[in-house]
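Text of the file input-v9.tsv, holding TSV, C-alpha atoms:
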```tsv
chain	number	residue	atom	x	y	z
E	1	MET	CA	-19.22	15.77	-3.38
E	2	THR	CA	-16.23	17.97	-4.29
E	3	THR	CA	-15.56	20.44	-1.50
E	4	ARG	CA	-13.05	23.23	-1.08
E	5	LEU	CA	-10.52	22.67	1.67
E	6	THR	CA	-11.47	24.81	4.65
E	7	ASN	CA	-11.68	24.41	8.41
E	8	THR	CA	-15.06	26.14	8.58
E	9	ASP	CA	-16.75	23.81	6.12
E	10	ARG	CA	-19.31	21.94	8.14
E	11	PRO	CA	-23.05	21.52	7.91
E	12	GLY	CA	-25.05	24.05	9.87
E	13	ASP	CA	-27.31	21.82	11.94
E	14	GLY	CA	-25.67	19.27	14.19
E	15	PRO	CA	-27.39	15.88	13.98
E	16	PRO	CA	-28.21	13.66	16.92
E	17	ALA	CA	-25.68	11.00	17.92
E	18	ALA	CA	-27.63	8.32	16.08
E	19	VAL	CA	-29.74	8.97	13.01
E	20	ASP	CA	-32.22	6.58	11.47
E	21	GLY	CA	-33.21	6.34	7.83
E	22	GLY	CA	-31.33	5.19	4.75
E	23	PRO	CA	-28.89	2.30	4.48
E	24	HIS	CA	-26.36	2.09	7.30
E	25	SER	CA	-23.31	1.17	5.28
E	26	THR	CA	-20.84	2.43	2.71
E	27	ALA	CA	-22.33	0.20	0.04
E	28	SER	CA	-24.23	1.29	-3.07
E	29	PRO	CA	-25.64	-0.74	-5.98
E	30	ALA	CA	-22.46	-0.11	-7.98
E	31	THR	CA	-20.13	-1.28	-5.20
E	32	ARG	CA	-22.27	-4.38	-4.65
E	33	VAL	CA	-21.90	-5.34	-8.32
E	34	LEU	CA	-18.19	-4.58	-8.13
E	35	GLY	CA	-17.89	-6.63	-4.93
E	36	VAL	CA	-19.53	-9.66	-6.56
E	37	LEU	CA	-17.20	-9.27	-9.55
E	38	VAL	CA	-14.18	-9.19	-7.24
E	39	LEU	CA	-15.34	-12.32	-5.41
E	40	VAL	CA	-15.95	-14.25	-8.63
E	41	ALA	CA	-12.66	-13.09	-10.16
E	42	SER	CA	-10.78	-14.05	-6.97
E	43	GLY	CA	-12.26	-17.54	-7.11
E	44	VAL	CA	-11.31	-17.92	-10.76
E	45	LEU	CA	-7.80	-16.66	-9.98
E	46	ALA	CA	-7.43	-19.24	-7.21
E	47	VAL	CA	-8.42	-22.03	-9.60
E	48	LEU	CA	-6.14	-20.73	-12.35
E	49	GLY	CA	-3.19	-20.04	-10.06
E	50	LEU	CA	-3.35	-23.07	-7.80
E	51	VAL	CA	-4.83	-25.79	-10.04
E	52	ALA	CA	-5.05	-25.07	-13.76
E	53	SER	CA	-1.73	-23.37	-14.57
E	54	PRO	CA	1.32	-25.63	-14.86
E	55	ALA	CA	4.38	-25.60	-12.62
E	56	ASP	CA	7.33	-23.65	-14.02
E	57	THR	CA	10.33	-25.48	-15.49
E	58	GLU	CA	12.74	-23.31	-13.43
E	59	LEU	CA	10.71	-22.09	-10.44
E	60	GLY	CA	8.66	-25.24	-9.93
E	61	GLU	CA	5.48	-24.82	-7.88
E	62	THR	CA	6.68	-21.52	-6.39
E	63	VAL	CA	5.68	-19.78	-9.61
E	64	ARG	CA	2.16	-19.88	-8.10
E	65	LEU	CA	3.29	-17.31	-5.55
E	66	LEU	CA	3.82	-14.85	-8.39
E	67	TYR	CA	0.09	-14.94	-9.18
E	68	VAL	CA	-0.55	-13.09	-5.92
E	69	HIS	CA	2.78	-11.27	-5.52
E	70	VAL	CA	2.79	-9.49	-8.89
E	71	PRO	CA	-0.90	-8.41	-8.74
E	72	VAL	CA	-0.37	-7.06	-5.23
E	73	VAL	CA	2.65	-5.09	-6.48
E	74	ALA	CA	0.65	-3.70	-9.41
E	75	ALA	CA	-2.22	-2.66	-7.12
E	76	ALA	CA	0.22	-1.04	-4.69
E	77	TYR	CA	1.78	0.99	-7.52
E	78	LEU	CA	-1.67	2.08	-8.73
E	79	ALA	CA	-2.67	3.13	-5.21
E	80	ILE	CA	0.53	5.17	-4.95
E	81	VAL	CA	-0.14	6.85	-8.29
E	82	ILE	CA	-3.61	7.82	-7.00
E	83	THR	CA	-2.06	9.14	-3.77
E	84	THR	CA	0.44	11.30	-5.63
E	85	VAL	CA	-2.16	12.60	-8.11
E	86	GLY	CA	-4.42	13.39	-5.15
E	87	SER	CA	-1.58	15.15	-3.36
E	88	VAL	CA	-0.88	17.35	-6.38
E	89	ALA	CA	-4.60	18.16	-6.62
E	90	VAL	CA	-4.69	19.08	-2.92
E	91	LEU	CA	-1.85	21.58	-3.31
E	92	TRP	CA	-3.17	22.90	-6.61
E	93	LYS	CA	-6.93	23.06	-6.04
E	94	ARG	CA	-7.09	23.00	-2.21
E	95	SER	CA	-9.59	20.19	-2.62
E	96	GLN	CA	-10.88	18.35	0.44
E	97	TRP	CA	-12.24	15.59	-1.79
E	98	TRP	CA	-8.79	14.87	-3.21
E	99	ASP	CA	-7.27	14.96	0.27
E	100	LEU	CA	-9.60	12.16	1.37
E	101	VAL	CA	-8.92	10.20	-1.85
E	102	ALA	CA	-5.15	10.55	-1.34
E	103	GLY	CA	-5.36	9.53	2.33
E	104	SER	CA	-7.55	6.51	1.53
E	105	ALA	CA	-5.31	5.39	-1.34
E	106	ALA	CA	-2.20	5.78	0.82
E	107	GLU	CA	-3.64	3.50	3.50
E	108	LEU	CA	-4.35	0.87	0.85
E	109	ALA	CA	-0.89	1.36	-0.67
E	110	THR	CA	0.65	0.74	2.76
E	111	LEU	CA	-1.24	-2.52	3.19
E	112	LEU	CA	-0.39	-3.65	-0.35
E	113	THR	CA	3.29	-2.70	-0.03
E	114	ALA	CA	3.48	-4.66	3.24
E	115	LEU	CA	1.96	-7.63	1.42
E	116	THR	CA	4.45	-7.10	-1.41
E	117	LEU	CA	7.31	-7.41	1.06
E	118	VAL	CA	5.84	-10.42	2.87
E	119	THR	CA	4.92	-12.41	-0.25
E	120	GLY	CA	8.30	-11.50	-1.77
E	121	MET	CA	10.08	-12.82	1.32
E	122	ILE	CA	8.03	-16.04	1.22
E	123	TRP	CA	8.97	-16.43	-2.45
E	124	GLY	CA	12.63	-15.60	-1.75
E	125	ARG	CA	13.18	-18.37	0.79
E	126	PRO	CA	12.69	-21.36	-1.58
E	127	THR	CA	14.08	-19.47	-4.58
E	128	TRP	CA	17.18	-17.71	-3.18
E	129	GLY	CA	17.58	-19.68	0.06
E	130	VAL	CA	16.96	-16.63	2.29
E	131	PHE	CA	13.95	-14.55	3.28
E	132	TRP	CA	15.77	-11.25	2.91
E	133	VAL	CA	18.84	-9.75	1.25
E	134	TRP	CA	19.79	-6.07	1.10
E	135	ASP	CA	19.25	-6.10	-2.63
E	136	ALA	CA	18.35	-2.94	-4.59
E	137	ARG	CA	14.73	-3.99	-5.30
E	138	LEU	CA	14.02	-5.23	-1.78
E	139	THR	CA	15.70	-2.31	-0.05
E	140	SER	CA	14.01	0.33	-2.20
E	141	THR	CA	10.64	-1.36	-1.56
E	142	ALA	CA	11.32	-1.28	2.18
E	143	VAL	CA	12.14	2.44	1.90
E	144	LEU	CA	8.88	2.95	0.00
E	145	PHE	CA	6.99	1.17	2.80
E	146	LEU	CA	8.63	3.43	5.42
E	147	LEU	CA	7.72	6.49	3.35
E	148	LEU	CA	4.09	5.35	3.26
E	149	LEU	CA	4.12	4.87	7.04
E	150	GLY	CA	5.54	8.40	7.27
E	151	TYR	CA	2.70	9.72	5.11
E	152	LEU	CA	0.09	8.11	7.40
E	153	ALA	CA	1.93	9.39	10.48
E	154	VAL	CA	1.92	12.94	9.11
E	155	ARG	CA	-1.85	12.72	8.65
E	156	ARG	CA	-2.17	12.00	12.36
E	157	THR	CA	0.06	14.82	13.61
E	158	THR	CA	-2.72	17.43	13.57
E	159	THR	CA	-6.50	17.61	13.64
E	160	ASP	CA	-6.46	20.80	11.59
E	161	GLN	CA	-7.76	19.74	8.16
E	162	VAL	CA	-5.88	22.34	6.13
E	163	SER	CA	-2.51	21.64	7.80
E	164	ARG	CA	-3.04	17.90	7.60
E	165	ALA	CA	-3.90	18.05	3.91
E	166	THR	CA	-0.99	20.34	3.01
E	167	ARG	CA	1.66	18.49	5.00
E	168	SER	CA	0.61	15.03	3.86
E	169	ALA	CA	0.36	16.21	0.23
E	170	VAL	CA	4.02	17.26	0.33
E	171	VAL	CA	5.00	13.75	1.50
E	172	GLY	CA	2.55	12.22	-0.98
E	173	MET	CA	4.35	13.85	-3.89
E	174	LEU	CA	7.53	11.96	-2.95
E	175	LEU	CA	5.84	8.57	-3.33
E	176	LEU	CA	5.61	8.26	-7.11
E	177	PRO	CA	9.29	9.10	-7.77
E	178	ASN	CA	10.10	6.40	-5.22
E	179	VAL	CA	8.00	3.89	-7.18
E	180	VAL	CA	10.02	4.70	-10.31
E	181	ILE	CA	13.21	3.97	-8.35
E	182	VAL	CA	11.78	0.66	-7.08
E	183	ASN	CA	10.60	-0.34	-10.55
E	184	ARG	CA	13.86	0.54	-12.29
E	185	SER	CA	16.16	-0.69	-9.50
E	186	VAL	CA	16.73	-4.08	-11.17
E	187	GLU	CA	18.06	-2.27	-14.25
E	188	TRP	CA	20.02	0.52	-12.53
E	189	TRP	CA	21.84	-1.69	-10.02
E	190	ARG	CA	23.02	-5.30	-9.94
E	191	SER	CA	20.14	-7.14	-8.35
E	192	LEU	CA	19.29	-10.63	-7.16
E	193	HIS	CA	15.67	-9.91	-8.08
E	194	GLN	CA	14.63	-11.03	-11.53
E	195	ASP	CA	14.29	-8.54	-14.39
E	196	PRO	CA	10.85	-7.35	-15.58
E	197	THR	CA	8.73	-10.35	-16.61
E	198	LEU	CA	5.75	-8.67	-18.26
E	199	ILE	CA	6.71	-5.11	-19.21
E	200	THR	CA	9.01	-6.05	-22.02
E	201	LEU	CA	8.68	-6.57	-25.77
E	202	ASP	CA	9.31	-10.29	-25.27
E	203	PRO	CA	7.49	-11.46	-22.09
E	204	LYS	CA	9.33	-14.26	-20.29
E	205	ILE	CA	6.17	-16.27	-19.70
E	206	ASP	CA	3.39	-17.29	-22.05
E	207	GLY	CA	0.29	-19.42	-22.39
E	208	LEU	CA	-1.81	-20.06	-19.29
E	209	GLN	CA	0.91	-18.68	-16.99
E	210	LEU	CA	0.80	-15.31	-18.76
E	211	PHE	CA	-3.00	-15.30	-18.79
E	212	THR	CA	-3.16	-16.11	-15.05
E	213	LEU	CA	-0.72	-13.33	-14.23
E	214	VAL	CA	-2.62	-10.75	-16.29
E	215	PHE	CA	-5.93	-11.98	-14.88
E	216	GLY	CA	-4.49	-11.61	-11.37
E	217	ILE	CA	-3.48	-8.01	-12.08
E	218	ALA	CA	-6.99	-7.24	-13.37
E	219	THR	CA	-8.53	-8.83	-10.27
E	220	ALA	CA	-6.25	-6.89	-7.94
E	221	THR	CA	-7.15	-3.66	-9.77
E	222	LEU	CA	-10.88	-4.34	-9.31
E	223	LEU	CA	-10.26	-5.13	-5.63
E	224	LEU	CA	-8.33	-1.90	-5.20
E	225	VAL	CA	-11.15	0.15	-6.75
E	226	TRP	CA	-13.74	-1.57	-4.50
E	227	LEU	CA	-11.68	-1.05	-1.35
E	228	LEU	CA	-10.84	2.53	-2.28
E	229	ILE	CA	-14.49	3.49	-2.76
E	230	HIS	CA	-15.44	2.07	0.64
E	231	ARG	CA	-12.40	3.54	2.39
E	232	PHE	CA	-13.09	6.95	0.86
E	233	ARG	CA	-16.69	6.88	2.08
E	234	VAL	CA	-15.52	5.97	5.58
E	235	ALA	CA	-13.08	8.90	5.53
E	236	TRP	CA	-15.81	11.22	4.26
E	237	MET	CA	-18.21	10.17	7.00
E	238	ALA	CA	-15.54	10.39	9.72
E	239	GLN	CA	-14.82	13.96	8.69
E	240	ARG	CA	-18.55	14.81	8.69
E	241	VAL	CA	-19.14	13.21	12.09
E	242	GLU	CA	-16.19	15.17	13.49
E	243	ALA	CA	-17.63	18.43	12.12
E	244	HIS	CA	-21.07	17.68	13.59
E	245	GLU	CA	-19.63	16.83	16.99
E	246	LEU	CA	-17.70	20.08	17.00
E	247	ASP	CA	-20.90	21.97	16.17
E	248	ASP	CA	-22.69	20.17	19.00
E	249	ALA	CA	-19.93	21.04	21.48
E	250	ILE	CA	-20.03	24.71	20.45
E	251	ALA	CA	-23.83	24.77	20.76
E	252	VAL	CA	-23.63	23.29	24.28
E	253	ARG	CA	-21.02	25.86	25.33
E	254	ARG	CA	-23.15	28.70	23.95
E	255	ALA	CA	-26.20	27.41	25.80
E	256	GLU	CA	-24.19	27.22	29.01
E	257	ALA	CA	-22.92	30.79	28.53
E	258	VAL	CA	-26.45	32.13	27.95
E	259	GLY	CA	-27.80	30.24	30.96
E	260	SER	CA	-25.15	31.50	33.39
A	1	MET	CA	8.94	-26.74	4.13
A	2	SER	CA	7.89	-27.98	0.68
A	3	GLN	CA	7.29	-25.64	-2.26
A	4	TRP	CA	3.54	-26.08	-1.77
A	5	GLY	CA	3.96	-24.96	1.85
A	6	TYR	CA	5.42	-21.63	0.74
A	7	VAL	CA	2.71	-21.25	-1.90
A	8	ALA	CA	-0.02	-21.86	0.69
A	9	ALA	CA	1.60	-19.43	3.15
A	10	GLY	CA	1.83	-16.67	0.52
A	11	TRP	CA	-1.77	-17.00	-0.65
A	12	LEU	CA	-3.05	-17.30	2.93
A	13	VAL	CA	-1.27	-14.14	4.07
A	14	VAL	CA	-2.79	-12.13	1.22
A	15	VAL	CA	-6.31	-13.50	1.70
A	16	VAL	CA	-6.31	-13.01	5.48
A	17	ALA	CA	-4.91	-9.47	5.25
A	18	VAL	CA	-7.30	-8.32	2.52
A	19	VAL	CA	-10.39	-9.90	4.07
A	20	GLY	CA	-9.43	-8.56	7.50
A	21	TYR	CA	-8.89	-5.05	6.19
A	22	ALA	CA	-12.09	-5.07	4.12
A	23	THR	CA	-14.10	-6.27	7.13
A	24	ALA	CA	-12.65	-3.54	9.33
A	25	VAL	CA	-13.45	-0.84	6.73
A	26	LEU	CA	-17.04	-2.07	6.22
A	27	ARG	CA	-17.69	-2.29	9.98
A	28	ARG	CA	-16.32	1.19	10.59
A	29	GLY	CA	-18.44	2.52	7.73
A	30	ARG	CA	-21.53	0.91	9.20
A	31	ALA	CA	-20.82	2.42	12.63
A	32	LEU	CA	-20.16	5.90	11.22
A	33	SER	CA	-23.21	5.88	8.95
A	34	ARG	CA	-25.46	5.44	11.99
A	35	ARG	CA	-24.22	8.80	13.27
A	36	LEU	CA	-24.97	10.78	10.10
A	37	PRO	CA	-28.27	11.93	8.57
A	38	PRO	CA	-29.26	10.10	5.35
A	39	GLU	CA	-28.62	13.13	3.13
A	40	GLU	CA	-24.91	12.96	3.99
A	41	ARG	CA	-24.55	9.33	2.93
A	42	ARG	CA	-26.31	9.33	-0.38
A	43	TRP	CA	-23.84	7.37	-2.41
A	44	LEU	CA	-23.77	7.54	-6.16
```

Show how you would write the structure in this file as structure tokens.
Amino acid sequence: MTTRLTNTDRPGDGPPAAVDGGPHSTASPATRVLGVLVLVASGVLAVLGLVASPADTELGETVRLLYVHVPVVAAAYLAIVITTVGSVAVLWKRSQWWDLVAGSAAELATLLTALTLVTGMIWGRPTWGVFWVWDARLTSTAVLFLLLLGYLAVRRTTTDQVSRATRSAVVGMLLLPNVVIVNRSVEWWRSLHQDPTLITLDPKIDGLQLFTLVFGIATATLLLVWLLIHRFRVAWMAQRVEAHELDDAIAVRRAEAVGS
Amino acid sequence: MSQWGYVAAGWLVVVVAVVGYATAVLRRGRALSRRLPPEERRWL
């Protein structure tokens, strides 16, 4: 499915508006298995996070918010890594495949970063007493969210595939450095946000709480992979449909010119 | 609002957003796949 990035890359014969045959979806046997795994893992996470794991001695019941907040953050970071890697590949290899991967991952990263902000705010209210403070971690995450919106906006500024891929790849390369700033912000600046909980030699949680958090991150990673595959296939088909429709329009114009 | 209220709100937001997004992606994929010949949607 790897294709070189070019504006003339489209199948020769334009298809009819509706084509029968084959499954009409973005699913495949592998994604169905993955989807079932995600559903089962999500159910287990809900039981672990809401029922089985104990309340925290300091955070009380609100620790249960971390079992969705932290996995969402981890998935957002992973989606951003994929976007930046894809952006580098677009500029290096002029690959259309990587452009679609980067664009799909960026859309998911935007959703997940928005959820990061919202779940963080919901956690902040009972913990800090306010939904929002202009703290280093929160502010840098908000900047990251705006950067992701900018990336998606750049992808919509032109219909020319080469320009779109090149311009968005330049913005996409800025995303990963921003994630490093967000991640390190609690160490570089004085922050209300807590220090790293997991990525340390001495994790600050243990037992079932630690297991639930790690299980949540694994579940979110599986979910990201499942969503990314489907979103990529949608992007691939949208690009193909656009190419076919352009071919059809050209064929109609040619027929009109010959007839007149 | 009690602590459980915030917990419920946080989990609900995530579930609704993810399920909503996944549904939108799957529906768009289904609509697009009807406009392409089978050889262009042979998934691995």

**Item:** Residue nearest E:Thr83 among E:Leu48, E:Val182, E:Ala220, E:Leu176 (counting only C-alpha atoms)
**Value:**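 For E:Thr83, the nearest of the given residues is E:Leu176.
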
**Item:** Closest of E:Leu144, E:Val118, E:Val154, E:Ala41 to chain A - atom-to-atom distances counting all atoms listed in the file
**Value:**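 Among the listed residues, E:Val118 lies closest to chain A.
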
Around stretch 164-182 of chain E, fit a box with edges along x, y and z, padding it by 6 Å on each side, then list its centre and edge lengths in Å to one decimal as JSON.
```
{"center_x": 4.7, "center_y": 10.5, "center_z": -1.4, "size_x": 29.1, "size_y": 31.7, "size_z": 29.9}
```

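When all atoms listed in the file are used to measure the gap to E:Thr26, the shortest distance among E:Val70, E:Gln96, E:Ile229, E:Ala238 belongs to E:Ile229.
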
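Put simply, atom CA of E:Leu100 is 18.0 Å away from atom CA of E:Ser25.
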
Taking all atoms listed in the file into account, find every residue of chain E that has an atom no more than 9 Å from chain A, and write it out as a PDB file with C-alpha atoms, in the frame of the given file.
```pdb
ATOM      1  CA  PRO E  15     -27.390  15.880  13.980  1.00  0.00           C
ATOM      2  CA  PRO E  16     -28.210  13.660  16.920  1.00  0.00           C
ATOM      3  CA  ALA E  17     -25.680  11.000  17.920  1.00  0.00           C
ATOM      4  CA  ALA E  18     -27.630   8.320  16.080  1.00  0.00           C
ATOM      5  CA  VAL E  19     -29.740   8.970  13.010  1.00  0.00           C
ATOM      6  CA  ASP E  20     -32.220   6.580  11.470  1.00  0.00           C
ATOM      7  CA  GLY E  21     -33.210   6.340   7.830  1.00  0.00           C
ATOM      8  CA  GLY E  22     -31.330   5.190   4.750  1.00  0.00           C
ATOM      9  CA  PRO E  23     -28.890   2.300   4.480  1.00  0.00           C
ATOM     10  CA  HIS E  24     -26.360   2.090   7.300  1.00  0.00           C
ATOM     11  CA  SER E  25     -23.310   1.170   5.280  1.00  0.00           C
ATOM     12  CA  THR E  26     -20.840   2.430   2.710  1.00  0.00           C
ATOM     13  CA  ALA E  27     -22.330   0.200   0.040  1.00  0.00           C
ATOM     14  CA  SER E  28     -24.230   1.290  -3.070  1.00  0.00           C
ATOM     15  CA  PRO E  29     -25.640  -0.740  -5.980  1.00  0.00           C
ATOM     16  CA  ALA E  30     -22.460  -0.110  -7.980  1.00  0.00           C
ATOM     17  CA  ALA E  46      -7.430 -19.240  -7.210  1.00  0.00           C
ATOM     18  CA  LEU E  50      -3.350 -23.070  -7.800  1.00  0.00           C
ATOM     19  CA  GLY E  60       8.660 -25.240  -9.930  1.00  0.00           C
ATOM     20  CA  GLU E  61       5.480 -24.820  -7.880  1.00  0.00           C
ATOM     21  CA  THR E  62       6.680 -21.520  -6.390  1.00  0.00           C
ATOM     22  CA  VAL E  63       5.680 -19.780  -9.610  1.00  0.00           C
ATOM     23  CA  ARG E  64       2.160 -19.880  -8.100  1.00  0.00           C
ATOM     24  CA  LEU E  65       3.290 -17.310  -5.550  1.00  0.00           C
ATOM     25  CA  TYR E  67       0.090 -14.940  -9.180  1.00  0.00           C
ATOM     26  CA  VAL E  68      -0.550 -13.090  -5.920  1.00  0.00           C
ATOM     27  CA  HIS E  69       2.780 -11.270  -5.520  1.00  0.00           C
ATOM     28  CA  VAL E  72      -0.370  -7.060  -5.230  1.00  0.00           C
ATOM     29  CA  LEU E 111      -1.240  -2.520   3.190  1.00  0.00           C
ATOM     30  CA  LEU E 112      -0.390  -3.650  -0.350  1.00  0.00           C
ATOM     31  CA  LEU E 115       1.960  -7.630   1.420  1.00  0.00           C
ATOM     32  CA  VAL E 118       5.840 -10.420   2.870  1.00  0.00           C
ATOM     33  CA  THR E 119       4.920 -12.410  -0.250  1.00  0.00           C
ATOM     34  CA  GLY E 120       8.300 -11.500  -1.770  1.00  0.00           C
ATOM     35  CA  ILE E 122       8.030 -16.040   1.220  1.00  0.00           C
ATOM     36  CA  TRP E 123       8.970 -16.430  -2.450  1.00  0.00           C
ATOM     37  CA  ARG E 125      13.180 -18.370   0.790  1.00  0.00           C
ATOM     38  CA  PRO E 126      12.690 -21.360  -1.580  1.00  0.00           C
ATOM     39  CA  LEU E 227     -11.680  -1.050  -1.350  1.00  0.00           C
ATOM     40  CA  HIS E 230     -15.440   2.070   0.640  1.00  0.00           C
ATOM     41  CA  ARG E 231     -12.400   3.540   2.390  1.00  0.00           C
ATOM     42  CA  ARG E 233     -16.690   6.880   2.080  1.00  0.00           C
ATOM     43  CA  VAL E 234     -15.520   5.970   5.580  1.00  0.00           C
ATOM     44  CA  ALA E 235     -13.080   8.900   5.530  1.00  0.00           C
ATOM     45  CA  MET E 237     -18.210  10.170   7.000  1.00  0.00           C
ATOM     46  CA  ALA E 238     -15.540  10.390   9.720  1.00  0.00           C
ATOM     47  CA  ARG E 240     -18.550  14.810   8.690  1.00  0.00           C
ATOM     48  CA  VAL E 241     -19.140  13.210  12.090  1.00  0.00           C
ATOM     49  CA  HIS E 244     -21.070  17.680  13.590  1.00  0.00           C
TER      50      HIS E 244
END
```

**Message:** To one decimal place in Å, what is the distance between atom CA of E:Trp98 and atom CA of E:Gly86?
**Reply:**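 The value is 5.0 Å.
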
**Message:** So the first atom is atom CA of E:Ala106 and the second is atom CA of E:Leu148; what is the distance between them in Å, to one decimal place?
**Reply:**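 Interatomic distance, atom CA of E:Ala106 to atom CA of E:Leu148: 6.8 Å.
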
Find the spatial neighbours of E:Leu228, counting all atoms listed in the file, within a cut-off of 9 Å - ignore same-chain residues fewer than 5 positions away - and output them as a PDB file with C-alpha atoms, in the frame of the given file.
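Final output, out_24.pdb:
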```pdb
ATOM      1  CA  ALA E  79      -2.670   3.130  -5.210  1.00  0.00           C
ATOM      2  CA  VAL E 101      -8.920  10.200  -1.850  1.00  0.00           C
ATOM      3  CA  SER E 104      -7.550   6.510   1.530  1.00  0.00           C
ATOM      4  CA  ALA E 105      -5.310   5.390  -1.340  1.00  0.00           C
ATOM      5  CA  LEU E 108      -4.350   0.870   0.850  1.00  0.00           C
ATOM      6  CA  LEU E 223     -10.260  -5.130  -5.630  1.00  0.00           C
ATOM      7  CA  ARG E 233     -16.690   6.880   2.080  1.00  0.00           C
TER       8      ARG E 233
END
```

**Request:** Write out as a PyMOL selection string which residues come within 12 Å of stretch 158-168 of chain E when counting all atoms listed in the file, dropping same-chain ones fewer than 6 positions away.
**Result:** chain E and resi 4-10+83-84+86-103+106+147-152+174-175+239-240+242-243+246

Next, dump the selected residues to file, keeping only C-alpha atoms, as a short mmCIF file (atom, residue, chain, number, x, y, z; two decimals), in the frame of the given file.
```cif
data_model
loop_
_atom_site.label_atom_id
_atom_site.label_comp_id
_atom_site.auth_asym_id
_atom_site.auth_seq_id
_atom_site.Cartn_x
_atom_site.Cartn_y
_atom_site.Cartn_z
CA ARG E 4 -13.05 23.23 -1.08
CA LEU E 5 -10.52 22.67 1.67
CA THR E 6 -11.47 24.81 4.65
CA ASN E 7 -11.68 24.41 8.41
CA THR E 8 -15.06 26.14 8.58
CA ASP E 9 -16.75 23.81 6.12
CA ARG E 10 -19.31 21.94 8.14
CA THR E 83 -2.06 9.14 -3.77
CA THR E 84 0.44 11.30 -5.63
CA GLY E 86 -4.42 13.39 -5.15
CA SER E 87 -1.58 15.15 -3.36
CA VAL E 88 -0.88 17.35 -6.38
CA ALA E 89 -4.60 18.16 -6.62
CA VAL E 90 -4.69 19.08 -2.92
CA LEU E 91 -1.85 21.58 -3.31
CA TRP E 92 -3.17 22.90 -6.61
CA LYS E 93 -6.93 23.06 -6.04
CA ARG E 94 -7.09 23.00 -2.21
CA SER E 95 -9.59 20.19 -2.62
CA GLN E 96 -10.88 18.35 0.44
CA TRP E 97 -12.24 15.59 -1.79
CA TRP E 98 -8.79 14.87 -3.21
CA ASP E 99 -7.27 14.96 0.27
CA LEU E 100 -9.60 12.16 1.37
CA VAL E 101 -8.92 10.20 -1.85
CA ALA E 102 -5.15 10.55 -1.34
CA GLY E 103 -5.36 9.53 2.33
CA ALA E 106 -2.20 5.78 0.82
CA LEU E 147 7.72 6.49 3.35
CA LEU E 148 4.09 5.35 3.26
CA LEU E 149 4.12 4.87 7.04
CA GLY E 150 5.54 8.40 7.27
CA TYR E 151 2.70 9.72 5.11
CA LEU E 152 0.09 8.11 7.40
CA LEU E 174 7.53 11.96 -2.95
CA LEU E 175 5.84 8.57 -3.33
CA GLN E 239 -14.82 13.96 8.69
CA ARG E 240 -18.55 14.81 8.69
CA GLU E 242 -16.19 15.17 13.49
CA ALA E 243 -17.63 18.43 12.12
CA LEU E 246 -17.70 20.08 17.00
#
```
